[in-house]
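Colleague: Contents of work24.cif (mmCIF, C-alpha atoms):
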data_work
loop_
_atom_site.label_atom_id
_atom_site.label_comp_id
_atom_site.auth_asym_id
_atom_site.auth_seq_id
_atom_site.Cartn_x
_atom_site.Cartn_y
_atom_site.Cartn_z
CA MET A 1 -56.34 -9.51 15.81
CA ILE A 2 -53.62 -7.42 17.46
CA GLN A 3 -50.85 -6.68 14.99
CA SER A 4 -47.30 -6.78 16.24
CA LYS A 5 -45.31 -3.57 16.07
CA SER A 6 -42.96 -3.50 13.09
CA ALA A 7 -39.28 -3.74 13.84
CA GLU A 8 -37.41 -0.46 14.14
CA PRO A 9 -35.18 0.32 11.14
CA ARG A 10 -31.44 -0.22 11.43
CA VAL A 11 -29.81 3.20 11.64
CA LEU A 12 -26.12 4.03 11.24
CA LEU A 13 -24.76 7.39 12.37
CA ALA A 14 -21.66 8.53 10.49
CA ILE A 15 -19.32 11.45 11.10
CA PRO A 16 -16.55 12.76 8.81
CA VAL A 17 -13.57 14.03 10.78
CA TYR A 18 -10.39 15.87 9.87
CA ASN A 19 -8.09 17.06 12.66
CA GLU A 20 -10.83 17.15 15.29
CA GLU A 21 -8.75 16.38 18.40
CA ARG A 22 -10.40 19.33 20.15
CA TYR A 23 -13.92 17.91 19.84
CA VAL A 24 -13.91 14.21 19.04
CA ASP A 25 -14.01 12.80 22.60
CA ASN A 26 -16.90 14.98 23.73
CA VAL A 27 -18.90 14.48 20.55
CA LEU A 28 -18.56 10.69 20.52
CA THR A 29 -19.34 10.43 24.24
CA GLU A 30 -22.61 12.29 23.67
CA VAL A 31 -23.48 10.52 20.42
CA ARG A 32 -23.02 7.08 21.99
CA LYS A 33 -25.70 7.93 24.57
CA ARG A 34 -28.23 8.18 21.76
CA ILE A 35 -27.32 5.65 19.09
CA GLN A 36 -25.42 2.36 18.99
CA ASP A 37 -24.01 2.00 15.47
CA ILE A 38 -21.43 4.67 14.65
CA LEU A 39 -19.04 5.03 11.71
CA ILE A 40 -16.21 7.57 11.55
CA ILE A 41 -14.57 8.61 8.30
CA ASP A 42 -11.14 9.92 9.30
CA ASP A 43 -10.24 11.97 6.25
CA GLY A 44 -6.47 11.92 6.64
CA SER A 45 -6.14 13.57 10.07
CA THR A 46 -2.60 14.56 11.00
CA ASP A 47 -3.24 15.49 14.65
CA ARG A 48 -4.20 13.26 17.62
CA THR A 49 -7.61 12.39 16.17
CA PRO A 50 -6.72 8.77 15.15
CA MET A 51 -5.38 8.02 18.63
CA LEU A 52 -8.47 9.49 20.31
CA LEU A 53 -10.79 7.53 18.02
CA SER A 54 -9.16 4.28 19.17
CA LYS A 55 -10.62 4.87 22.65
CA HIS A 56 -14.20 4.61 21.38
CA PRO A 57 -16.12 1.51 20.21
CA VAL A 58 -16.83 2.85 16.74
CA GLU A 59 -16.05 1.69 13.22
CA VAL A 60 -13.41 3.75 11.43
CA ILE A 61 -12.54 4.21 7.78
CA ARG A 62 -9.25 6.08 7.47
CA HIS A 63 -8.14 7.90 4.34
CA ALA A 64 -4.37 8.02 3.97
CA THR A 65 -4.67 11.62 2.74
CA ASN A 66 -7.38 14.26 2.91
CA ARG A 67 -9.79 13.33 0.11
CA GLY A 68 -12.64 15.73 0.80
CA TYR A 69 -16.10 15.98 2.33
CA GLY A 70 -17.89 14.52 -0.68
CA ARG A 71 -15.66 11.46 -0.78
CA SER A 72 -16.37 10.88 2.90
CA MET A 73 -20.11 11.08 2.19
CA MET A 74 -19.84 8.52 -0.60
CA ASP A 75 -17.90 6.18 1.71
CA MET A 76 -20.69 6.50 4.30
CA PHE A 77 -23.37 5.60 1.75
CA ARG A 78 -21.44 2.54 0.57
CA TRP A 79 -20.67 1.29 4.08
CA ALA A 80 -24.29 1.66 5.18
CA ALA A 81 -25.51 -0.25 2.14
CA VAL A 82 -22.98 -3.08 2.39
CA ASP A 83 -23.65 -3.53 6.11
CA GLY A 84 -27.41 -3.67 5.63
CA PHE A 85 -28.48 -0.44 7.32
CA GLU A 86 -31.79 1.06 6.29
CA TRP A 87 -31.01 4.63 7.31
CA LEU A 88 -27.89 6.77 7.60
CA ILE A 89 -27.66 9.87 9.79
CA THR A 90 -24.73 12.21 9.14
CA MET A 91 -23.42 14.97 11.38
CA ASP A 92 -20.25 17.00 11.90
CA CYS A 93 -17.70 16.64 14.69
CA ASP A 94 -17.08 20.29 15.58
CA GLU A 95 -19.92 20.63 18.14
CA GLN A 96 -21.97 22.66 15.67
CA HIS A 97 -24.39 19.76 15.35
CA GLU A 98 -25.92 18.78 18.68
CA PRO A 99 -26.14 15.06 19.52
CA ALA A 100 -29.27 15.97 21.49
CA ALA A 101 -31.00 16.49 18.12
CA ILE A 102 -30.45 12.88 17.00
CA PRO A 103 -33.81 11.69 18.45
CA ARG A 104 -35.63 14.23 16.24
CA PHE A 105 -34.10 12.60 13.17
CA LEU A 106 -35.06 9.16 14.50
CA GLU A 107 -38.64 10.38 14.95
CA ALA A 108 -38.71 11.68 11.37
CA ILE A 109 -37.37 8.33 10.15
CA GLU A 110 -40.15 6.51 12.00
CA ARG A 111 -42.74 8.46 10.00
CA ASN A 112 -41.42 6.43 7.05
CA ASN A 113 -42.70 8.71 4.28
CA VAL A 114 -39.49 10.44 3.14
CA ASP A 115 -36.11 9.56 1.70
CA VAL A 116 -34.07 12.51 2.99
CA VAL A 117 -34.52 14.31 6.31
CA SER A 118 -32.47 17.49 6.00
CA GLY A 119 -31.54 19.61 8.98
CA SER A 120 -32.08 23.34 8.55
CA ARG A 121 -30.50 26.07 10.63
CA TYR A 122 -32.87 28.66 9.15
CA LEU A 123 -36.24 26.91 9.27
CA ASP A 124 -37.06 28.12 12.77
CA ALA A 125 -36.08 31.54 14.12
CA GLU A 126 -35.52 30.00 17.56
CA SER A 127 -32.72 27.89 16.06
CA LEU A 128 -30.52 30.92 15.39
CA VAL A 129 -28.15 30.61 18.33
CA ASP A 130 -25.17 32.27 16.63
CA ALA A 131 -24.69 34.50 13.61
CA PRO A 132 -22.87 32.71 10.77
CA PRO A 133 -19.94 34.38 9.01
CA PRO A 134 -21.52 36.83 6.51
CA ASP A 135 -19.96 35.28 3.40
CA ARG A 136 -21.16 31.80 4.36
CA ARG A 137 -24.70 32.99 5.05
CA LEU A 138 -24.80 34.92 1.77
CA ILE A 139 -23.54 32.01 -0.32
CA ASN A 140 -25.95 29.62 1.40
CA HIS A 141 -28.83 32.04 0.75
CA LEU A 142 -27.93 32.60 -2.91
CA LEU A 143 -27.36 28.95 -3.76
CA THR A 144 -30.34 27.65 -1.80
CA GLY A 145 -32.49 30.06 -3.82
CA GLU A 146 -30.95 28.90 -7.11
CA ILE A 147 -31.47 25.25 -6.18
CA ASN A 148 -35.10 25.92 -5.28
CA ARG A 149 -35.89 27.85 -8.46
CA THR A 150 -34.19 25.32 -10.69
CA LEU A 151 -35.36 22.11 -9.06
CA GLY A 152 -38.75 23.10 -7.69
CA LEU A 153 -37.73 22.59 -4.06
CA GLU A 154 -38.53 24.66 -0.99
CA LEU A 155 -35.32 24.28 1.00
CA THR A 156 -34.26 26.83 3.59
CA ASP A 157 -30.73 25.45 4.11
CA ALA A 158 -29.03 23.57 1.27
CA PHE A 159 -25.71 23.09 3.07
CA CYS A 160 -26.46 21.67 6.51
CA GLY A 161 -24.58 18.38 6.97
CA PHE A 162 -26.95 17.12 9.68
CA LYS A 163 -29.17 14.79 7.65
CA ALA A 164 -30.80 11.37 7.53
CA TYR A 165 -30.86 9.34 4.30
CA ARG A 166 -32.85 6.25 3.37
CA VAL A 167 -29.96 4.05 2.26
CA ASP A 168 -31.66 2.25 -0.61
CA ALA A 169 -32.76 5.63 -2.02
CA VAL A 170 -29.26 7.16 -2.15
CA VAL A 171 -26.85 4.30 -2.69
CA GLY A 172 -27.62 4.16 -6.41
CA LEU A 173 -27.16 7.88 -7.06
CA ASP A 174 -24.43 8.82 -9.54
CA LEU A 175 -22.21 10.79 -7.15
CA ASP A 176 -18.59 11.69 -7.86
CA VAL A 177 -17.93 15.11 -6.26
CA ASP A 178 -15.19 14.83 -3.63
CA GLY A 179 -15.24 18.33 -2.15
CA TYR A 180 -17.50 20.71 -0.25
CA ASP A 181 -19.50 21.31 -3.44
CA PHE A 182 -20.99 17.83 -2.93
CA PRO A 183 -24.46 19.22 -1.95
CA MET A 184 -24.76 20.94 -5.35
CA GLN A 185 -24.56 17.53 -6.99
CA PHE A 186 -26.62 15.75 -4.39
CA TRP A 187 -29.70 17.98 -4.68
CA VAL A 188 -29.81 17.60 -8.46
CA GLN A 189 -29.49 13.83 -8.14
CA ALA A 190 -32.15 13.73 -5.43
CA VAL A 191 -34.69 15.56 -7.59
CA ALA A 192 -33.76 13.69 -10.76
CA ASN A 193 -34.41 10.44 -8.90
CA ASP A 194 -37.65 11.70 -7.34
CA LEU A 195 -36.52 11.43 -3.71
CA ARG A 196 -38.92 12.68 -1.04
CA ILE A 197 -37.39 15.42 1.11
CA GLU A 198 -38.33 16.90 4.46
CA GLU A 199 -36.58 19.63 6.47
CA ILE A 200 -36.50 19.73 10.25
CA PRO A 201 -35.03 22.54 12.37
CA VAL A 202 -31.61 22.22 13.99
CA ARG A 203 -29.80 24.90 15.95
CA LEU A 204 -27.34 27.18 14.19
CA ILE A 205 -24.11 27.10 16.19
CA TYR A 206 -20.73 28.49 15.12
CA ASN A 207 -17.95 27.61 17.57
CA ASP A 208 -15.20 28.73 15.19
CA PRO A 209 -16.23 31.36 12.59
CA THR A 210 -12.66 31.35 11.23
CA ARG A 211 -12.70 27.64 10.35
CA SER A 212 -11.14 27.10 6.94
CA PHE A 213 -12.50 25.28 3.91
CA GLY A 214 -8.92 24.83 2.78
CA GLY A 215 -7.16 26.10 -0.34
CA PRO A 216 -8.99 28.13 -3.00
CA LEU A 217 -12.41 27.65 -1.37
CA ASP A 218 -11.45 30.04 1.41
CA ASP A 219 -12.03 32.81 -1.10
CA ALA A 220 -15.79 33.43 -1.07
CA GLU A 221 -16.09 34.44 -4.74
CA ASN A 222 -14.12 31.42 -5.88
CA ARG A 223 -16.17 29.14 -3.63
CA LEU A 224 -19.41 30.48 -5.12
CA ALA A 225 -18.06 29.96 -8.65
CA VAL A 226 -16.96 26.38 -7.91
CA TYR A 227 -20.34 25.51 -6.42
CA ARG A 228 -22.20 26.99 -9.40
CA ARG A 229 -20.02 25.11 -11.91
CA THR A 230 -20.77 21.84 -10.14
CA PHE A 231 -24.48 22.62 -10.15
CA GLU A 232 -24.53 23.53 -13.85
CA ARG A 233 -22.55 20.41 -14.75
CA GLU A 234 -24.96 18.22 -12.82
CA ILE A 235 -28.01 19.87 -14.38
CA GLY A 236 -26.57 19.02 -17.78
CA LYS A 237 -25.78 15.45 -16.77
CA CYS A 238 -29.31 14.88 -15.50
CA ALA A 239 -31.01 16.78 -18.34
CA GLN A 240 -33.23 13.92 -19.51
CA GLN A 241 -34.35 12.92 -16.01
CA LEU A 242 -35.18 16.53 -15.18
CA THR A 243 -37.02 16.99 -18.47
CA ASP A 244 -39.11 13.94 -17.66
CA ARG A 245 -40.06 15.66 -14.41
CA ASP A 246 -40.84 18.94 -16.23
CA LEU A 247 -37.65 20.52 -14.83
CA THR A 248 -35.56 21.38 -17.87
CA PRO A 249 -31.92 22.53 -18.01
CA ALA A 250 -33.11 25.77 -19.63
CA ARG A 251 -34.91 26.59 -16.40
CA ALA A 252 -31.57 26.72 -14.62
CA ALA A 253 -30.58 29.81 -16.56
CA THR A 254 -33.66 31.83 -15.53
#
Let me see whether you can do it: turn the structure in this file into structure tokens.

Modeller:
Amino acid sequence: MIQSKSAEPRVLLAIPVYNEERYVDNVLTEVRKRIQDILIIDDGSTDRTPMLLSKHPVEVIRHATNRGYGRSMMDMFRWAAVDGFEWLITMDCDEQHEPAAIPRFLEAIERNNVDVVSGSRYLDAESLVDAPPPDRRLINHLLTGEINRTLGLELTDAFCGFKAYRVDAVVGLDLDVDGYDFPMQFWVQAVANDLRIEEIPVRLIYNDPTRSFGGPLDDAENRLAVYRRTFEREIGKCAQQLTDRDLTPARAAT
């Protein structure tokens, strides 16, 4: 008997934006060539971004004020779950994530054996198009190493926002970090909940090395301290789950 091909999973692509009038038209034009269902989280833009978004057939959640990258991520997870999507792909809107890479994430999703497909700018030497700002590369390197040693992972890039998530695997995570330190919470939650993770290479592109995190996080030492505090807090919160997986909080201090 010839078995019918299983239906393709429903995939939502979501993009957080904040004052992206320079890029939003080009990015959405290219994204729409590759995927149909698109959600934009407009995180309190004060430039022409809202007006430009109205020209595109995409769903939009608008925050009245800037609430942070992590809050935008949580909104994406909830929307995808409520609307019945099986997978969520996230990317940025500053042309540092290439829409041409979306099919590679769709191919990884089709393999159907992971819960998180994480883009990495450092997995493949051929992906290194531009040199990142030194402080950002150093912090990424330090914290990726700490995450790996503590959680038993083998990540090469803990902070790339180009990812695909199996919705039913992430919607129940206990996430509450609003800011750019969101990945420090996410990785602990992912391991504590035994999510399956795969990295795929994406190109490293920096169109604007001076781009600001905003406020105190623009200071590299303060940013590193904030990220580490979030990580340590989350390790403590998930202590029992990590112990059950033979990953104890004490290991985080080694």

Colleague: The PyMOL selection byres ((chain A and resi 21) around 12) - which residues does that actually catch in the file I just gave you? List them as a list of chain:residue names.

Modeller: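 For this structure, the PyMOL selection byres ((chain A and resi 21) around 12) captures A:Val17, A:Tyr18, A:Asn19, A:Glu20, A:Arg22, A:Tyr23, A:Val24, A:Asp25, A:Asn26, A:Val27, A:Leu28, A:Asp42, A:Ser45, A:Thr46, A:Asp47, A:Arg48, A:Thr49, A:Pro50, A:Met51, A:Leu52, A:Leu53, A:Cys93, A:Asp94, A:Glu95.
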
Colleague: What is the atom CA of Phe159 of chain A-atom CA of His56 of chain A distance in Å, reported with one decimal?

Modeller: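 Answer for the atom CA of Phe159 of chain A to atom CA of His56 of chain A separation: 28.4 Å.
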
Colleague: Return the single residue from A:Val191, A:Leu173, A:Ala14, A:Thr29 that is closest to Lys55 of chain A, with distances computed using only C-alpha atoms.

Modeller: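 Looking only at the distances to Lys55 of chain A, the closest residue turns out to be A:Thr29.
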
Colleague: Counting only C-alpha atoms, which residue out of A:Glu154, A:Glu59, A:Asp178, A:Asp246 sits closest to Ser120 of chain A?

Modeller: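 Nearest candidate to Ser120 of chain A out of A:Glu154, A:Glu59, A:Asp178, A:Asp246: A:Glu154.
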
Colleague: Given the file shown, enumerate the residues that the PyMOL selection byres ((chain A and resi 90) around 7) captures and present them as a list in words.

Modeller: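 Here the PyMOL selection byres ((chain A and resi 90) around 7) matches Leu13, Ala14, Ile15, Leu88, Ile89, Met91, Gly161, Phe162, Lys163 and Ala164 of chain A.
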